[in-house]
$ cat coords.csv   # CSV, C-alpha atoms
chain,number,residue,atom,x,y,z
E,1,MET,CA,19.6,-1.5,5.2
E,2,ASP,CA,17.8,-1.4,1.9
E,3,LEU,CA,14.1,-1.0,2.8
E,4,LYS,CA,13.0,-1.5,-0.8
E,5,ALA,CA,14.7,-4.9,-1.0
E,6,GLU,CA,13.5,-5.9,2.5
E,7,LEU,CA,9.8,-5.0,1.7
E,8,TYR,CA,9.6,-6.3,-1.8
E,9,PRO,CA,7.1,-6.7,-3.5
E,10,LYS,CA,5.6,-3.7,-1.7
E,11,GLN,CA,6.3,-0.4,-3.4
E,12,VAL,CA,8.5,1.8,-1.2
E,13,MET,CA,8.9,5.5,-2.0
E,14,PHE,CA,11.1,8.0,-0.2
E,15,MET,CA,9.9,11.6,-0.4
E,16,GLU,CA,11.2,14.9,0.7
E,17,ASN,CA,8.0,16.9,0.0
E,18,ALA,CA,4.9,16.6,2.1
E,19,ASP,CA,2.6,18.0,-0.6
E,20,THR,CA,3.8,15.3,-3.1
E,21,MET,CA,3.6,12.6,-0.5
E,22,SER,CA,0.0,13.5,0.3
E,23,GLU,CA,-1.0,13.5,-3.3
E,24,VAL,CA,0.6,10.1,-3.9
E,25,ALA,CA,-1.2,8.7,-0.8
E,26,ALA,CA,-4.6,10.2,-2.0
E,27,GLN,CA,-4.1,8.8,-5.5
E,28,ASN,CA,-3.2,5.3,-4.1
E,29,ALA,CA,-6.4,5.4,-2.0
E,30,GLN,CA,-8.5,6.3,-5.1
E,31,GLN,CA,-6.9,3.3,-6.9
E,32,GLY,CA,-7.9,1.0,-4.0
E,33,ARG,CA,-4.3,0.7,-2.7
E,34,GLN,CA,-3.5,1.0,1.0
E,35,SER,CA,-0.7,3.3,2.0
E,36,LEU,CA,1.4,3.3,5.1
E,37,CYS,CA,3.0,6.8,5.6
E,38,PHE,CA,6.0,7.4,7.8
E,39,LEU,CA,6.7,11.0,8.7
E,40,ARG,CA,10.1,12.2,9.6
E,41,GLY,CA,10.3,15.9,10.5
E,42,LEU,CA,6.6,16.8,10.0
E,43,PRO,CA,3.8,16.8,12.5
E,44,LYS,CA,1.1,14.3,11.9
E,45,GLU,CA,-1.6,17.0,12.0
E,46,VAL,CA,0.0,18.9,9.2
E,47,PHE,CA,0.3,15.9,6.9
E,48,THR,CA,-3.2,14.8,7.7
E,49,GLY,CA,-4.5,18.2,6.6
E,50,LYS,CA,-2.5,18.1,3.4
E,51,LEU,CA,-3.7,14.6,2.7
E,52,LEU,CA,-7.4,15.5,3.2
E,53,CYS,CA,-6.9,18.6,0.9
E,54,ALA,CA,-5.2,16.5,-1.8
E,55,ALA,CA,-8.0,13.9,-1.7
E,56,ALA,CA,-10.8,16.5,-1.7
E,57,ASP,CA,-9.2,18.8,-4.2
E,58,VAL,CA,-9.2,21.7,-1.8
E,59,ALA,CA,-6.3,24.2,-1.5
E,60,TRP,CA,-4.3,23.6,1.7
E,61,GLU,CA,-4.1,27.3,2.4
E,62,LYS,CA,-7.9,27.7,2.4
E,63,ALA,CA,-8.3,24.8,4.8
E,64,GLU,CA,-5.5,26.1,7.0
E,65,ARG,CA,-7.1,29.5,7.2
E,66,GLY,CA,-10.6,28.1,7.6
E,67,THR,CA,-11.9,29.9,4.5
E,68,CYS,CA,-13.3,26.9,2.7
E,69,SER,CA,-16.8,27.1,1.1
E,70,ALA,CA,-19.5,24.9,2.4
E,71,ALA,CA,-19.0,22.6,-0.6
E,72,GLU,CA,-15.3,22.4,0.1
E,73,TRP,CA,-15.9,21.4,3.7
E,74,GLU,CA,-18.3,18.7,2.5
E,75,ARG,CA,-15.6,17.4,0.2
E,76,LEU,CA,-13.1,17.4,3.1
E,77,MET,CA,-15.5,15.4,5.3
E,78,ALA,CA,-16.1,12.9,2.5
E,79,ALA,CA,-12.4,12.6,2.0
E,80,ALA,CA,-11.8,11.9,5.7
E,81,ASN,CA,-14.4,9.1,5.6
E,82,PHE,CA,-12.9,7.6,2.5
E,83,LEU,CA,-9.2,7.8,3.6
E,84,CYS,CA,-9.7,6.4,7.1
E,85,GLY,CA,-9.5,2.8,5.9
E,86,ASN,CA,-6.9,3.4,3.1
E,87,VAL,CA,-4.1,5.4,4.7
E,88,ARG,CA,-2.2,4.9,7.9
E,89,ILE,CA,0.0,7.6,9.2
E,90,ASP,CA,2.9,7.1,11.7
E,91,SER,CA,4.7,10.2,12.9
E,92,ALA,CA,7.1,8.6,15.4
E,93,ALA,CA,10.8,9.2,14.8
E,94,MET,CA,11.8,5.8,13.4
E,95,GLY,CA,14.9,4.3,12.0
E,96,ASP,CA,14.8,1.9,9.1
E,97,GLU,CA,14.7,-1.2,11.4
E,98,GLU,CA,11.7,0.2,13.2
E,99,ILE,CA,9.9,1.0,9.9
E,100,LEU,CA,10.6,-2.5,8.7
E,101,ALA,CA,9.2,-4.0,11.9
E,102,GLN,CA,6.1,-1.8,11.7
E,103,CYS,CA,5.5,-2.8,8.0
E,104,LYS,CA,5.7,-6.5,8.9
E,105,ARG,CA,3.1,-5.9,11.7
E,106,LEU,CA,0.8,-4.2,9.2
E,107,PRO,CA,1.1,-6.4,6.1
E,108,SER,CA,-2.0,-5.1,4.3
E,109,ALA,CA,-0.4,-1.9,3.1
E,110,ASP,CA,0.5,-1.9,-0.7
E,111,VAL,CA,2.6,1.2,-0.7
E,112,ILE,CA,5.1,2.4,1.9
E,113,LEU,CA,5.7,6.2,1.8
E,114,ILE,CA,8.6,7.6,3.9
E,115,LEU,CA,9.0,11.3,4.3
E,116,SER,CA,12.2,12.8,5.5
E,117,LEU,CA,12.4,16.6,5.9
E,118,ALA,CA,15.3,16.4,8.4
E,119,LYS,CA,18.0,16.4,5.7
$ encode --input "coords.csv" --output "structure tokens"
Amino acid sequence: MDLKAELYPKQVMFMENADTMSEVAAQNAQQGRQSLCFLRGLPKEVFTGKLLCAAADVAWEKAERGTCSAAEWERLMAAANFLCGNVRIDSAAMGDEEILAQCKRLPSADVILILSLAK
């Protein structure tokens, strides 16, 4: 199945790097575009942390260790409030057919990001 063809005109991007995917989702949100992110092989909590850091311009390693400054924590909280309406994350192990069905149930997403670390 060709998800890009099935979901046209939505933009569908396949990614193998969670850092890049989080940056793309954060950039889409800043541009007013809603993203639907499907994670394969990565816990939702890890991706959410990376996404918050990308949106807040905070180093993931600092957030993971809990060594952020007060200003960085404030930016992370502001990013969380901003992203909550613009990015949806699904971490269930889904095949292409299930992803297609989920996208059709959530038609408001402009960009579909699919992460696959299992390769």
$ closest_atom_pairs --input "coords.csv" --of "segment 52-87 of chain E" --to "segment 11-23 of chain E" --cutoff "9 Å" --atoms "all atoms listed in the file" --output "CSV"
residue,atom,partner,partner_atom,distance
E:Leu52,CA,E:Ser22,CA,8.2
E:Cys53,CA,E:Ser22,CA,8.6
E:Ala54,CA,E:Glu23,CA,5.4
E:Ala55,CA,E:Glu23,CA,7.2
$ atom_distance --input "coords.csv" --atom1 "atom CA of Ala63 of chain E" --atom2 "atom CA of Leu113 of chain E"
23.5 Å
$ closest_residue --input "coords.csv" --among "E:Ser116, E:Gln34, E:Asn81, E:Ser108" --to "Ala93 of chain E" --atoms "all atoms listed in the file"
E:Ser116
$ atom_distance --input "coords.csv" --atom1 "atom CA of Lys10 of chain E" --atom2 "atom CA of Val111 of chain E"
5.8 Å
$ residues_around --input "coords.csv" --residues "Tyr8 of chain E" --least-positions-apart "5" --cutoff "12 Å" --atoms "all atoms listed in the file" --output "PyMOL selection string"
chain E and resi 2-3+13+100+103-104+107+109-112
$ residues_around --input "coords.csv" --residues "Ile89 of chain E" --least-positions-apart "5" --cutoff "7 Å" --atoms "only C-alpha atoms" --output "list in words"
Leu36, Cys37 and Phe38 of chain E
$ residues_around --input "coords.csv" --residues "Trp73 of chain E" --least-positions-apart "5" --cutoff "12 Å" --atoms "only C-alpha atoms" --output "list in words"
Leu52, Cys53, Ala56, Asp57, Val58, Ala59, Trp60, Lys62, Ala63, Glu64, Gly66, Thr67, Cys68, Ala78, Ala79 and Ala80 of chain E
$ atom_distance --input "coords.csv" --atom1 "atom CA of Leu51 of chain E" --atom2 "atom CA of Glu97 of chain E"
25.8 Å
$ closest_residue --input "coords.csv" --among "E:Met94, E:Ala70, E:Ile99, E:Leu106" --to "Arg40 of chain E" --atoms "only C-alpha atoms"
E:Met94
$ closest_residue --input "coords.csv" --among "E:Ala26, E:Ile114, E:Ala101, E:Met77" --to "Leu39 of chain E" --atoms "all atoms listed in the file"
E:Ile114
$ closest_residue --input "coords.csv" --among "E:Val24, E:Val46, E:Ala29, E:Ala71" --to "Val87 of chain E" --atoms "all atoms listed in the file"
E:Ala29
$ closest_residue --input "coords.csv" --among "E:Ala92, E:Cys84, E:Met1, E:Leu7" --to "Thr48 of chain E" --atoms "all atoms listed in the file"
E:Cys84
